$ cat target_25.cif   # mmCIF, N, CA, C and O atoms
data_my_file
#
loop_
_atom_site.label_atom_id
_atom_site.label_comp_id
_atom_site.auth_asym_id
_atom_site.auth_seq_id
_atom_site.Cartn_x
_atom_site.Cartn_y
_atom_site.Cartn_z
N MET A 947 -25.49 -9.44 65.01
CA MET A 947 -24.82 -10.26 64.01
C MET A 947 -25.31 -9.91 62.60
O MET A 947 -24.52 -9.78 61.70
N GLN A 948 -26.64 -9.81 62.46
CA GLN A 948 -27.21 -9.50 61.17
C GLN A 948 -26.79 -8.10 60.72
O GLN A 948 -26.55 -7.87 59.55
N MET A 949 -26.69 -7.16 61.63
CA MET A 949 -26.27 -5.80 61.33
C MET A 949 -24.83 -5.79 60.83
O MET A 949 -24.49 -5.04 59.92
N CYS A 950 -24.00 -6.62 61.38
CA CYS A 950 -22.59 -6.72 60.97
C CYS A 950 -22.48 -7.24 59.54
O CYS A 950 -21.68 -6.75 58.75
N ILE A 951 -23.29 -8.21 59.18
CA ILE A 951 -23.27 -8.79 57.83
C ILE A 951 -23.73 -7.74 56.82
O ILE A 951 -23.15 -7.61 55.74
N ARG A 952 -24.75 -6.97 57.14
CA ARG A 952 -25.22 -5.92 56.25
C ARG A 952 -24.14 -4.86 56.04
O ARG A 952 -23.94 -4.39 54.93
N ARG A 953 -23.47 -4.49 57.11
CA ARG A 953 -22.39 -3.49 57.00
C ARG A 953 -21.26 -4.02 56.12
O ARG A 953 -20.72 -3.30 55.29
N LEU A 954 -20.90 -5.27 56.32
CA LEU A 954 -19.83 -5.86 55.49
C LEU A 954 -20.24 -5.95 54.02
O LEU A 954 -19.45 -5.69 53.13
N THR A 955 -21.50 -6.27 53.77
CA THR A 955 -22.01 -6.34 52.40
C THR A 955 -21.98 -4.95 51.76
O THR A 955 -21.54 -4.80 50.62
N CYS A 956 -22.42 -3.96 52.51
CA CYS A 956 -22.38 -2.58 52.00
C CYS A 956 -20.96 -2.14 51.73
O CYS A 956 -20.66 -1.51 50.71
N LEU A 957 -20.07 -2.45 52.64
CA LEU A 957 -18.68 -2.06 52.50
C LEU A 957 -18.05 -2.73 51.27
O LEU A 957 -17.35 -2.09 50.49
N ALA A 958 -18.34 -4.01 51.08
CA ALA A 958 -17.80 -4.74 49.92
C ALA A 958 -18.33 -4.14 48.62
O ALA A 958 -17.60 -3.98 47.64
N PHE A 959 -19.62 -3.78 48.62
CA PHE A 959 -20.21 -3.17 47.44
C PHE A 959 -19.55 -1.83 47.12
O PHE A 959 -19.21 -1.54 45.97
N LEU A 960 -19.36 -1.00 48.13
CA LEU A 960 -18.72 0.30 47.93
C LEU A 960 -17.29 0.15 47.44
O LEU A 960 -16.84 0.89 46.55
N VAL A 961 -16.55 -0.78 47.98
CA VAL A 961 -15.18 -1.02 47.53
C VAL A 961 -15.19 -1.43 46.06
O VAL A 961 -14.37 -0.97 45.26
N GLY A 962 -16.12 -2.28 45.68
CA GLY A 962 -16.23 -2.70 44.27
C GLY A 962 -16.52 -1.53 43.34
O GLY A 962 -15.93 -1.39 42.29
N VAL A 963 -17.45 -0.67 43.75
CA VAL A 963 -17.80 0.51 42.94
C VAL A 963 -16.60 1.43 42.81
O VAL A 963 -16.29 1.94 41.72
N ILE A 964 -15.90 1.66 43.89
CA ILE A 964 -14.72 2.54 43.85
C ILE A 964 -13.63 1.95 42.95
O ILE A 964 -13.01 2.67 42.17
N MET A 965 -13.43 0.64 43.01
CA MET A 965 -12.41 0.01 42.16
C MET A 965 -12.75 0.14 40.69
O MET A 965 -11.90 0.44 39.86
N VAL A 966 -14.01 -0.08 40.35
CA VAL A 966 -14.44 0.04 38.95
C VAL A 966 -14.29 1.48 38.48
O VAL A 966 -13.81 1.75 37.38
N ALA A 967 -14.70 2.43 39.30
CA ALA A 967 -14.61 3.84 38.93
C ALA A 967 -13.17 4.28 38.75
O ALA A 967 -12.83 4.99 37.79
N SER A 968 -12.29 3.84 39.62
CA SER A 968 -10.89 4.26 39.49
C SER A 968 -10.20 3.55 38.33
O SER A 968 -9.33 4.12 37.68
N ALA A 969 -10.59 2.33 38.03
CA ALA A 969 -9.99 1.60 36.91
C ALA A 969 -10.36 2.24 35.58
O ALA A 969 -9.57 2.25 34.64
N SER A 970 -11.56 2.80 35.48
CA SER A 970 -11.97 3.43 34.23
C SER A 970 -11.22 4.74 33.99
O SER A 970 -11.14 5.21 32.87
N GLU A 971 -10.68 5.34 35.01
CA GLU A 971 -9.93 6.58 34.86
C GLU A 971 -8.50 6.33 34.40
O GLU A 971 -7.85 7.23 33.89
N ILE A 972 -8.02 5.14 34.60
CA ILE A 972 -6.66 4.81 34.17
C ILE A 972 -6.69 4.56 32.67
O ILE A 972 -7.38 3.67 32.20
N LYS A 973 -5.95 5.39 31.94
CA LYS A 973 -5.94 5.26 30.50
C LYS A 973 -4.50 5.31 30.02
O LYS A 973 -3.79 6.29 30.27
N ILE A 974 -4.09 4.26 29.38
CA ILE A 974 -2.74 4.23 28.84
C ILE A 974 -2.79 4.88 27.47
O ILE A 974 -3.56 4.46 26.61
N ILE A 975 -1.99 5.90 27.29
CA ILE A 975 -2.01 6.66 26.04
C ILE A 975 -0.90 6.13 25.12
O ILE A 975 0.28 6.18 25.46
N LYS A 976 -1.31 5.59 24.01
CA LYS A 976 -0.36 5.15 22.99
C LYS A 976 -0.79 5.79 21.68
O LYS A 976 -1.21 5.12 20.74
N CYS A 977 -0.71 7.10 21.66
CA CYS A 977 -1.10 7.85 20.48
C CYS A 977 -0.30 9.15 20.45
O CYS A 977 0.41 9.46 21.38
N CYS A 978 -0.44 9.87 19.36
CA CYS A 978 0.24 11.15 19.24
C CYS A 978 -0.55 12.21 20.00
O CYS A 978 -1.73 12.40 19.75
N VAL A 979 0.13 12.89 20.90
CA VAL A 979 -0.50 14.00 21.60
C VAL A 979 0.05 15.33 21.09
O VAL A 979 -0.44 16.39 21.46
N GLU A 980 1.08 15.26 20.26
CA GLU A 980 1.61 16.43 19.56
C GLU A 980 2.24 15.95 18.26
O GLU A 980 2.56 14.77 18.11
N VAL A 981 2.38 16.86 17.30
CA VAL A 981 2.90 16.50 15.98
C VAL A 981 4.07 17.39 15.61
O VAL A 981 4.25 18.48 16.14
N SER A 982 4.84 16.90 14.67
CA SER A 982 5.98 17.64 14.15
C SER A 982 5.65 18.12 12.75
O SER A 982 4.93 17.46 12.01
N ASP A 983 6.21 19.28 12.38
CA ASP A 983 6.05 19.73 11.00
C ASP A 983 7.34 19.56 10.21
O ASP A 983 7.45 19.99 9.07
N GLN A 984 8.34 18.92 10.81
CA GLN A 984 9.61 18.66 10.15
C GLN A 984 9.49 17.44 9.24
O GLN A 984 8.83 16.47 9.60
N SER A 985 10.15 17.50 8.08
CA SER A 985 10.12 16.33 7.20
C SER A 985 11.01 15.23 7.78
O SER A 985 11.92 15.49 8.56
N ILE A 986 10.73 14.01 7.37
CA ILE A 986 11.44 12.86 7.91
C ILE A 986 12.53 12.45 6.92
O ILE A 986 12.27 12.31 5.72
N THR A 987 13.74 12.26 7.44
CA THR A 987 14.85 11.90 6.57
C THR A 987 15.08 10.39 6.51
O THR A 987 15.63 9.88 5.55
N ALA A 988 14.63 9.67 7.53
CA ALA A 988 14.79 8.21 7.54
C ALA A 988 13.83 7.58 6.53
O ALA A 988 12.77 8.15 6.24
N PRO A 989 14.19 6.43 5.98
CA PRO A 989 13.27 5.76 5.04
C PRO A 989 11.95 5.39 5.74
O PRO A 989 11.95 4.80 6.81
N ILE A 990 10.85 5.76 5.10
CA ILE A 990 9.52 5.49 5.66
C ILE A 990 9.01 4.18 5.07
O ILE A 990 8.99 4.00 3.86
N ILE A 991 8.59 3.27 5.94
CA ILE A 991 8.14 1.96 5.48
C ILE A 991 6.62 1.78 5.60
O ILE A 991 6.08 0.78 5.15
N GLY A 992 5.95 2.74 6.20
CA GLY A 992 4.51 2.64 6.32
C GLY A 992 3.94 3.86 7.02
O GLY A 992 4.68 4.72 7.48
N TYR A 993 2.62 3.90 7.08
CA TYR A 993 1.96 5.01 7.76
C TYR A 993 0.58 4.57 8.21
O TYR A 993 0.05 3.56 7.76
N ARG A 994 0.03 5.34 9.12
CA ARG A 994 -1.36 5.19 9.51
C ARG A 994 -1.89 6.56 9.90
O ARG A 994 -1.12 7.45 10.25
N ILE A 995 -3.19 6.72 9.82
CA ILE A 995 -3.81 8.00 10.14
C ILE A 995 -4.49 7.89 11.49
O ILE A 995 -5.19 6.91 11.76
N GLN A 996 -4.24 8.87 12.33
CA GLN A 996 -4.84 8.90 13.66
C GLN A 996 -5.87 10.02 13.70
O GLN A 996 -5.58 11.15 13.33
N ARG A 997 -7.06 9.70 14.15
CA ARG A 997 -8.11 10.71 14.30
C ARG A 997 -7.99 11.39 15.65
O ARG A 997 -7.41 10.84 16.58
N LYS A 998 -8.56 12.56 15.74
CA LYS A 998 -8.55 13.31 17.00
C LYS A 998 -9.52 12.66 17.98
O LYS A 998 -10.69 12.45 17.68
N ASN A 999 -9.00 12.29 19.13
CA ASN A 999 -9.78 11.73 20.22
C ASN A 999 -8.99 12.04 21.48
O ASN A 999 -8.09 11.29 21.85
N LEU A 1000 -9.27 13.19 22.06
CA LEU A 1000 -8.45 13.72 23.15
C LEU A 1000 -8.10 12.65 24.17
O LEU A 1000 -8.94 11.84 24.51
N PRO A 1001 -6.85 12.60 24.59
CA PRO A 1001 -5.78 13.56 24.39
C PRO A 1001 -5.04 13.39 23.07
O PRO A 1001 -4.12 14.12 22.77
N CYS A 1002 -5.45 12.41 22.26
CA CYS A 1002 -4.78 12.18 20.97
C CYS A 1002 -5.19 13.27 19.97
O CYS A 1002 -6.34 13.70 19.94
N VAL A 1003 -4.24 13.69 19.15
CA VAL A 1003 -4.50 14.71 18.15
C VAL A 1003 -4.55 14.08 16.76
O VAL A 1003 -4.08 12.97 16.56
N ARG A 1004 -5.13 14.80 15.81
CA ARG A 1004 -5.16 14.34 14.43
C ARG A 1004 -3.74 14.35 13.90
O ARG A 1004 -3.03 15.35 14.01
N ALA A 1005 -3.32 13.21 13.31
CA ALA A 1005 -1.94 13.11 12.86
C ALA A 1005 -1.79 12.00 11.82
O ALA A 1005 -2.65 11.12 11.70
N VAL A 1006 -0.69 12.08 11.10
CA VAL A 1006 -0.26 10.97 10.26
C VAL A 1006 0.96 10.39 10.96
O VAL A 1006 1.92 11.11 11.24
N ILE A 1007 0.90 9.11 11.25
CA ILE A 1007 2.00 8.46 11.96
C ILE A 1007 2.79 7.64 10.95
O ILE A 1007 2.30 6.65 10.41
N PHE A 1008 4.01 8.11 10.69
CA PHE A 1008 4.88 7.41 9.75
C PHE A 1008 5.73 6.41 10.51
O PHE A 1008 6.25 6.70 11.58
N LYS A 1009 5.89 5.23 9.91
CA LYS A 1009 6.70 4.18 10.53
C LYS A 1009 8.03 4.08 9.80
O LYS A 1009 8.07 3.97 8.58
N THR A 1010 9.11 4.17 10.56
CA THR A 1010 10.45 3.95 10.02
C THR A 1010 10.98 2.68 10.67
O THR A 1010 10.32 2.08 11.51
N ALA A 1011 12.17 2.28 10.29
CA ALA A 1011 12.75 1.07 10.87
C ALA A 1011 12.97 1.23 12.37
O ALA A 1011 12.87 0.26 13.12
N GLU A 1012 13.26 2.45 12.81
CA GLU A 1012 13.59 2.67 14.22
C GLU A 1012 12.40 3.02 15.09
O GLU A 1012 12.35 2.65 16.26
N ARG A 1013 11.41 3.78 14.54
CA ARG A 1013 10.35 4.28 15.41
C ARG A 1013 9.17 4.78 14.59
O ARG A 1013 9.19 4.73 13.36
N GLU A 1014 8.16 5.26 15.29
CA GLU A 1014 7.03 5.91 14.65
C GLU A 1014 7.09 7.40 14.93
O GLU A 1014 7.44 7.81 16.03
N ILE A 1015 6.76 8.20 13.91
CA ILE A 1015 6.88 9.65 14.02
C ILE A 1015 5.53 10.29 13.73
O ILE A 1015 4.91 10.01 12.71
N CYS A 1016 5.11 11.15 14.63
CA CYS A 1016 3.83 11.85 14.49
C CYS A 1016 4.03 13.11 13.66
O CYS A 1016 4.79 13.99 14.05
N SER A 1017 3.35 13.18 12.54
CA SER A 1017 3.50 14.33 11.64
C SER A 1017 2.17 15.05 11.47
O SER A 1017 1.10 14.44 11.54
N HIS A 1018 2.27 16.35 11.20
CA HIS A 1018 1.07 17.16 11.00
C HIS A 1018 0.44 16.80 9.67
O HIS A 1018 1.10 16.80 8.63
N TRP A 1019 -0.83 16.52 9.69
CA TRP A 1019 -1.53 16.04 8.50
C TRP A 1019 -1.69 17.08 7.41
O TRP A 1019 -1.94 16.74 6.26
N LYS A 1020 -1.52 18.37 7.73
CA LYS A 1020 -1.70 19.42 6.71
C LYS A 1020 -0.43 19.78 5.95
O LYS A 1020 -0.49 20.58 5.02
N GLN A 1021 0.69 19.22 6.32
CA GLN A 1021 1.94 19.53 5.63
C GLN A 1021 1.93 18.96 4.21
O GLN A 1021 1.50 17.83 3.98
N ASP A 1022 2.42 19.75 3.25
CA ASP A 1022 2.44 19.31 1.85
C ASP A 1022 3.26 18.03 1.67
O ASP A 1022 2.86 17.12 0.95
N TRP A 1023 4.43 17.96 2.33
CA TRP A 1023 5.28 16.79 2.16
C TRP A 1023 4.61 15.52 2.70
O TRP A 1023 4.83 14.43 2.19
N VAL A 1024 3.74 15.68 3.70
CA VAL A 1024 3.02 14.53 4.27
C VAL A 1024 2.05 13.98 3.23
O VAL A 1024 2.00 12.77 2.98
N PHE A 1025 1.31 14.85 2.59
CA PHE A 1025 0.37 14.44 1.55
C PHE A 1025 1.10 13.75 0.40
O PHE A 1025 0.67 12.71 -0.08
N GLU A 1026 2.22 14.33 -0.03
CA GLU A 1026 2.99 13.74 -1.12
C GLU A 1026 3.54 12.37 -0.74
O GLU A 1026 3.56 11.45 -1.55
N LYS A 1027 4.00 12.21 0.49
CA LYS A 1027 4.56 10.95 0.95
C LYS A 1027 3.48 9.87 1.00
O LYS A 1027 3.70 8.72 0.62
N ILE A 1028 2.28 10.25 1.44
CA ILE A 1028 1.17 9.30 1.47
C ILE A 1028 0.83 8.84 0.05
O ILE A 1028 0.62 7.65 -0.19
N LYS A 1029 0.78 9.78 -0.90
CA LYS A 1029 0.51 9.41 -2.30
C LYS A 1029 1.56 8.44 -2.81
O LYS A 1029 1.24 7.44 -3.46
N GLU A 1030 2.82 8.72 -2.50
CA GLU A 1030 3.93 7.86 -2.93
C GLU A 1030 3.80 6.45 -2.33
O GLU A 1030 3.93 5.45 -3.03
N LEU A 1031 3.52 6.38 -1.05
CA LEU A 1031 3.38 5.09 -0.39
C LEU A 1031 2.18 4.30 -0.93
O LEU A 1031 2.25 3.08 -1.10
N GLU A 1032 1.09 4.99 -1.22
CA GLU A 1032 -0.09 4.33 -1.77
C GLU A 1032 0.18 3.80 -3.18
O GLU A 1032 -0.27 2.73 -3.55
N GLN A 1033 0.92 4.57 -3.98
CA GLN A 1033 1.28 4.10 -5.33
C GLN A 1033 2.14 2.85 -5.25
O GLN A 1033 1.94 1.89 -6.00
N LEU A 1034 3.09 2.84 -4.33
CA LEU A 1034 3.93 1.66 -4.14
C LEU A 1034 3.10 0.46 -3.70
O LEU A 1034 3.28 -0.66 -4.17
N ARG A 1035 2.17 0.69 -2.79
CA ARG A 1035 1.31 -0.39 -2.29
C ARG A 1035 0.45 -0.96 -3.41
O ARG A 1035 0.32 -2.17 -3.57
N ARG A 1036 -0.12 -0.07 -4.23
CA ARG A 1036 -0.94 -0.52 -5.36
C ARG A 1036 -0.12 -1.28 -6.38
O ARG A 1036 -0.57 -2.28 -6.94
N ALA A 1037 1.10 -0.80 -6.64
CA ALA A 1037 1.96 -1.48 -7.60
C ALA A 1037 2.32 -2.88 -7.12
O ALA A 1037 2.36 -3.83 -7.91
N GLN A 1038 2.57 -3.02 -5.83
CA GLN A 1038 2.90 -4.34 -5.29
C GLN A 1038 1.68 -5.25 -5.31
O GLN A 1038 1.81 -6.45 -5.50
N LYS A 1039 0.51 -4.68 -5.13
CA LYS A 1039 -0.71 -5.46 -5.11
C LYS A 1039 -1.09 -5.98 -6.49
O LYS A 1039 -1.59 -7.09 -6.63
N THR A 1040 -0.83 -5.18 -7.54
CA THR A 1040 -1.23 -5.55 -8.89
C THR A 1040 -0.16 -6.33 -9.65
O THR A 1040 -0.44 -6.89 -10.68
N THR A 1041 1.07 -6.32 -9.14
CA THR A 1041 2.13 -7.05 -9.82
C THR A 1041 1.88 -8.54 -9.61
O THR A 1041 1.82 -9.02 -8.49
N PRO A 1042 1.71 -9.28 -10.72
CA PRO A 1042 1.47 -10.71 -10.56
C PRO A 1042 2.72 -11.41 -10.03
O PRO A 1042 3.84 -11.02 -10.33
N ALA A 1043 2.49 -12.41 -9.25
CA ALA A 1043 3.60 -13.18 -8.71
C ALA A 1043 4.27 -13.92 -9.86
O ALA A 1043 3.61 -14.48 -10.73
N THR A 1044 5.57 -13.91 -9.88
CA THR A 1044 6.29 -14.60 -10.95
C THR A 1044 6.33 -16.08 -10.61
O THR A 1044 6.67 -16.48 -9.52
N THR A 1045 5.95 -16.85 -11.58
CA THR A 1045 5.96 -18.29 -11.39
C THR A 1045 6.91 -18.90 -12.40
O THR A 1045 7.02 -18.44 -13.53
N THR A 1046 7.58 -19.88 -11.97
CA THR A 1046 8.49 -20.57 -12.89
C THR A 1046 7.92 -21.96 -13.14
O THR A 1046 7.43 -22.62 -12.23
N THR A 1047 7.97 -22.33 -14.38
CA THR A 1047 7.50 -23.66 -14.72
C THR A 1047 8.69 -24.46 -15.19
O THR A 1047 9.54 -23.97 -15.93
N SER A 1048 8.75 -25.64 -14.72
CA SER A 1048 9.84 -26.48 -15.17
C SER A 1048 9.24 -27.54 -16.09
O SER A 1048 8.19 -28.08 -15.83
N SER A 1049 9.94 -27.78 -17.16
CA SER A 1049 9.45 -28.79 -18.08
C SER A 1049 10.13 -30.09 -17.73
O SER A 1049 11.34 -30.16 -17.56
N LEU A 1050 9.31 -31.09 -17.61
CA LEU A 1050 9.84 -32.40 -17.31
C LEU A 1050 10.02 -33.15 -18.61
O LEU A 1050 9.11 -33.22 -19.43
N SER A 1051 11.18 -33.67 -18.81
CA SER A 1051 11.38 -34.46 -20.03
C SER A 1051 11.38 -35.94 -19.65
O SER A 1051 11.99 -36.33 -18.68
N THR A 1052 10.65 -36.64 -20.38
CA THR A 1052 10.64 -38.08 -20.13
C THR A 1052 11.20 -38.77 -21.35
O THR A 1052 10.91 -38.41 -22.50
N THR A 1053 11.99 -39.71 -21.11
CA THR A 1053 12.55 -40.46 -22.24
C THR A 1053 12.05 -41.89 -22.15
O THR A 1053 11.92 -42.46 -21.07
N THR A 1054 11.71 -42.39 -23.27
CA THR A 1054 11.27 -43.77 -23.31
C THR A 1054 12.25 -44.55 -24.15
O THR A 1054 12.76 -44.07 -25.16
N SER A 1055 12.52 -45.75 -23.72
CA SER A 1055 13.45 -46.56 -24.50
C SER A 1055 12.77 -47.66 -25.21
O SER A 1055 11.76 -48.12 -24.94
#
$ encode --input "target_25.cif" --output "structure tokens"
Amino acid sequence: MQMCIRRLTCLAFLVGVIMVASASEIKIIKCCVEVSDQSITAPIIGYRIQRKNLPCVRAVIFKTAEREICSHWKQDWVFEKIKELEQLRRAQKTTPATTTTSSLSTTTS
């Protein structure tokens, strides 16, 4: 009886180790694994930079209304587009919010 309990304990331990090891191998990839050198014709509304971390490659990910596009970071148009987007972001950040003041008139009789 005691031998059976030890075997079951060992078996449970091994199953746990195997499950943990196999779960760590499952990796959902949500990154660019290849890039395009073609310019983007759709309006670009944002971007982010992805570092190389295999299987992900170094890329600039431009966001359009429809999707995200992986672009090669060394392309001249990519650098220019990033500068343009940063200038727009800075301009929006420094533009003071317009406030309207209403004057209240009080009349006394």
$ resolve_selection --input "target_25.cif" --expression "the PyMOL selection byres (((chain A and resi 1003-1011 and name CA) around 7) and name CA)" --output "mmCIF file with N, CA, C and O atoms, keeping the file's coordinate frame"
data_model
loop_
_atom_site.group_PDB
_atom_site.id
_atom_site.type_symbol
_atom_site.label_atom_id
_atom_site.label_comp_id
_atom_site.auth_asym_id
_atom_site.auth_seq_id
_atom_site.Cartn_x
_atom_site.Cartn_y
_atom_site.Cartn_z
ATOM 1 N N CYS A 978 -0.440 9.870 19.360
ATOM 2 C CA CYS A 978 0.240 11.150 19.240
ATOM 3 C C CYS A 978 -0.550 12.210 20.000
ATOM 4 O O CYS A 978 -1.730 12.400 19.750
ATOM 5 N N VAL A 979 0.130 12.890 20.900
ATOM 6 C CA VAL A 979 -0.500 14.000 21.600
ATOM 7 C C VAL A 979 0.050 15.330 21.090
ATOM 8 O O VAL A 979 -0.440 16.390 21.460
ATOM 9 N N GLU A 980 1.080 15.260 20.260
ATOM 10 C CA GLU A 980 1.610 16.430 19.560
ATOM 11 C C GLU A 980 2.240 15.950 18.260
ATOM 12 O O GLU A 980 2.560 14.770 18.110
ATOM 13 N N VAL A 981 2.380 16.860 17.300
ATOM 14 C CA VAL A 981 2.900 16.500 15.980
ATOM 15 C C VAL A 981 4.070 17.390 15.610
ATOM 16 O O VAL A 981 4.250 18.480 16.140
ATOM 17 N N ALA A 988 14.630 9.670 7.530
ATOM 18 C CA ALA A 988 14.790 8.210 7.540
ATOM 19 C C ALA A 988 13.830 7.580 6.530
ATOM 20 O O ALA A 988 12.770 8.150 6.240
ATOM 21 N N PRO A 989 14.190 6.430 5.980
ATOM 22 C CA PRO A 989 13.270 5.760 5.040
ATOM 23 C C PRO A 989 11.950 5.390 5.740
ATOM 24 O O PRO A 989 11.950 4.800 6.810
ATOM 25 N N ILE A 990 10.850 5.760 5.100
ATOM 26 C CA ILE A 990 9.520 5.490 5.660
ATOM 27 C C ILE A 990 9.010 4.180 5.070
ATOM 28 O O ILE A 990 8.990 4.000 3.860
ATOM 29 N N ILE A 991 8.590 3.270 5.940
ATOM 30 C CA ILE A 991 8.140 1.960 5.480
ATOM 31 C C ILE A 991 6.620 1.780 5.600
ATOM 32 O O ILE A 991 6.080 0.780 5.150
ATOM 33 N N GLY A 992 5.950 2.740 6.200
ATOM 34 C CA GLY A 992 4.510 2.640 6.320
ATOM 35 C C GLY A 992 3.940 3.860 7.020
ATOM 36 O O GLY A 992 4.680 4.720 7.480
ATOM 37 N N TYR A 993 2.620 3.900 7.080
ATOM 38 C CA TYR A 993 1.960 5.010 7.760
ATOM 39 C C TYR A 993 0.580 4.570 8.210
ATOM 40 O O TYR A 993 0.050 3.560 7.760
ATOM 41 N N ARG A 994 0.030 5.340 9.120
ATOM 42 C CA ARG A 994 -1.360 5.190 9.510
ATOM 43 C C ARG A 994 -1.890 6.560 9.900
ATOM 44 O O ARG A 994 -1.120 7.450 10.250
ATOM 45 N N ILE A 995 -3.190 6.720 9.820
ATOM 46 C CA ILE A 995 -3.810 8.000 10.140
ATOM 47 C C ILE A 995 -4.490 7.890 11.490
ATOM 48 O O ILE A 995 -5.190 6.910 11.760
ATOM 49 N N GLN A 996 -4.240 8.870 12.330
ATOM 50 C CA GLN A 996 -4.840 8.900 13.660
ATOM 51 C C GLN A 996 -5.870 10.020 13.700
ATOM 52 O O GLN A 996 -5.580 11.150 13.330
ATOM 53 N N ARG A 997 -7.060 9.700 14.150
ATOM 54 C CA ARG A 997 -8.110 10.710 14.300
ATOM 55 C C ARG A 997 -7.990 11.390 15.650
ATOM 56 O O ARG A 997 -7.410 10.840 16.580
ATOM 57 N N LYS A 998 -8.560 12.560 15.740
ATOM 58 C CA LYS A 998 -8.550 13.310 17.000
ATOM 59 C C LYS A 998 -9.520 12.660 17.980
ATOM 60 O O LYS A 998 -10.690 12.450 17.680
ATOM 61 N N ASN A 999 -9.000 12.290 19.130
ATOM 62 C CA ASN A 999 -9.780 11.730 20.220
ATOM 63 C C ASN A 999 -8.990 12.040 21.480
ATOM 64 O O ASN A 999 -8.090 11.290 21.850
ATOM 65 N N LEU A 1000 -9.270 13.190 22.060
ATOM 66 C CA LEU A 1000 -8.450 13.720 23.150
ATOM 67 C C LEU A 1000 -8.100 12.650 24.170
ATOM 68 O O LEU A 1000 -8.940 11.840 24.510
ATOM 69 N N PRO A 1001 -6.850 12.600 24.590
ATOM 70 C CA PRO A 1001 -5.780 13.560 24.390
ATOM 71 C C PRO A 1001 -5.040 13.390 23.070
ATOM 72 O O PRO A 1001 -4.120 14.120 22.770
ATOM 73 N N CYS A 1002 -5.450 12.410 22.260
ATOM 74 C CA CYS A 1002 -4.780 12.180 20.970
ATOM 75 C C CYS A 1002 -5.190 13.270 19.970
ATOM 76 O O CYS A 1002 -6.340 13.700 19.940
ATOM 77 N N GLU A 1012 13.260 2.450 12.810
ATOM 78 C CA GLU A 1012 13.590 2.670 14.220
ATOM 79 C C GLU A 1012 12.400 3.020 15.090
ATOM 80 O O GLU A 1012 12.350 2.650 16.260
ATOM 81 N N ARG A 1013 11.410 3.780 14.540
ATOM 82 C CA ARG A 1013 10.350 4.280 15.410
ATOM 83 C C ARG A 1013 9.170 4.780 14.590
ATOM 84 O O ARG A 1013 9.190 4.730 13.360
ATOM 85 N N GLU A 1014 8.160 5.260 15.290
ATOM 86 C CA GLU A 1014 7.030 5.910 14.650
ATOM 87 C C GLU A 1014 7.090 7.400 14.930
ATOM 88 O O GLU A 1014 7.440 7.810 16.030
ATOM 89 N N ILE A 1015 6.760 8.200 13.910
ATOM 90 C CA ILE A 1015 6.880 9.650 14.020
ATOM 91 C C ILE A 1015 5.530 10.290 13.730
ATOM 92 O O ILE A 1015 4.910 10.010 12.710
ATOM 93 N N CYS A 1016 5.110 11.150 14.630
ATOM 94 C CA CYS A 1016 3.830 11.850 14.490
ATOM 95 C C CYS A 1016 4.030 13.110 13.660
ATOM 96 O O CYS A 1016 4.790 13.990 14.050
ATOM 97 N N SER A 1017 3.350 13.180 12.540
ATOM 98 C CA SER A 1017 3.500 14.330 11.640
ATOM 99 C C SER A 1017 2.170 15.050 11.470
ATOM 100 O O SER A 1017 1.100 14.440 11.540
ATOM 101 N N HIS A 1018 2.270 16.350 11.200
ATOM 102 C CA HIS A 1018 1.070 17.160 11.000
ATOM 103 C C HIS A 1018 0.440 16.800 9.670
ATOM 104 O O HIS A 1018 1.100 16.800 8.630
ATOM 105 N N TRP A 1019 -0.830 16.520 9.690
ATOM 106 C CA TRP A 1019 -1.530 16.040 8.500
ATOM 107 C C TRP A 1019 -1.690 17.080 7.410
ATOM 108 O O TRP A 1019 -1.940 16.740 6.260
#
$ atom_distance --input "target_25.cif" --atom1 "atom C of A:Lys1020" --atom2 "atom O of A:Ile986"
14.7 Å
$ closest_residue --input "target_25.cif" --among "A:Lys1039, A:Thr987, A:Thr955, A:Cys977" --to "A:Lys1027" --atoms "only C-alpha atoms"
A:Thr987
$ atom_distance --input "target_25.cif" --atom1 "atom C of A:Leu1031" --atom2 "atom CA of A:Ser982"
20.5 Å
$ atom_distance --input "target_25.cif" --atom1 "atom C of A:Ser985" --atom2 "atom O of A:Trp1023"
8.4 Å
$ decode --input "target_25.cif" --residues "stretch 1000-1008 of chain A" --atoms "N, CA and C atoms" --output "PDB file, in the first residue's frame"
ATOM      1  N   LEU A1000      14.134  37.423 -30.843  1.00  0.00           N
ATOM      2  CA  LEU A1000      13.710  36.321 -31.702  1.00  0.00           C
ATOM      3  C   LEU A1000      12.515  35.572 -31.135  1.00  0.00           C
ATOM      4  N   PRO A1001      11.533  35.285 -31.960  1.00  0.00           N
ATOM      5  CA  PRO A1001      11.500  35.368 -33.410  1.00  0.00           C
ATOM      6  C   PRO A1001      11.137  36.759 -33.927  1.00  0.00           C
ATOM      7  N   CYS A1002      10.913  37.714 -33.031  1.00  0.00           N
ATOM      8  CA  CYS A1002      10.557  39.076 -33.453  1.00  0.00           C
ATOM      9  C   CYS A1002      11.794  39.788 -33.996  1.00  0.00           C
ATOM     10  N   VAL A1003      11.597  40.589 -35.036  1.00  0.00           N
ATOM     11  CA  VAL A1003      12.694  41.333 -35.645  1.00  0.00           C
ATOM     12  C   VAL A1003      12.581  42.803 -35.282  1.00  0.00           C
ATOM     13  N   ARG A1004      13.672  43.534 -35.448  1.00  0.00           N
ATOM     14  CA  ARG A1004      13.657  44.974 -35.212  1.00  0.00           C
ATOM     15  C   ARG A1004      12.792  45.614 -36.282  1.00  0.00           C
ATOM     16  N   ALA A1005      11.835  46.457 -35.854  1.00  0.00           N
ATOM     17  CA  ALA A1005      10.901  47.035 -36.810  1.00  0.00           C
ATOM     18  C   ALA A1005      10.249  48.283 -36.231  1.00  0.00           C
ATOM     19  N   VAL A1006       9.690  49.064 -37.133  1.00  0.00           N
ATOM     20  CA  VAL A1006       8.798  50.151 -36.748  1.00  0.00           C
ATOM     21  C   VAL A1006       7.406  49.695 -37.163  1.00  0.00           C
ATOM     22  N   ILE A1007       6.497  49.666 -36.211  1.00  0.00           N
ATOM     23  CA  ILE A1007       5.145  49.196 -36.488  1.00  0.00           C
ATOM     24  C   ILE A1007       4.240  50.415 -36.580  1.00  0.00           C
ATOM     25  N   PHE A1008       3.778  50.681 -37.795  1.00  0.00           N
ATOM     26  CA  PHE A1008       2.883  51.817 -38.017  1.00  0.00           C
ATOM     27  C   PHE A1008       1.441  51.356 -37.870  1.00  0.00           C
TER      28      PHE A1008
END
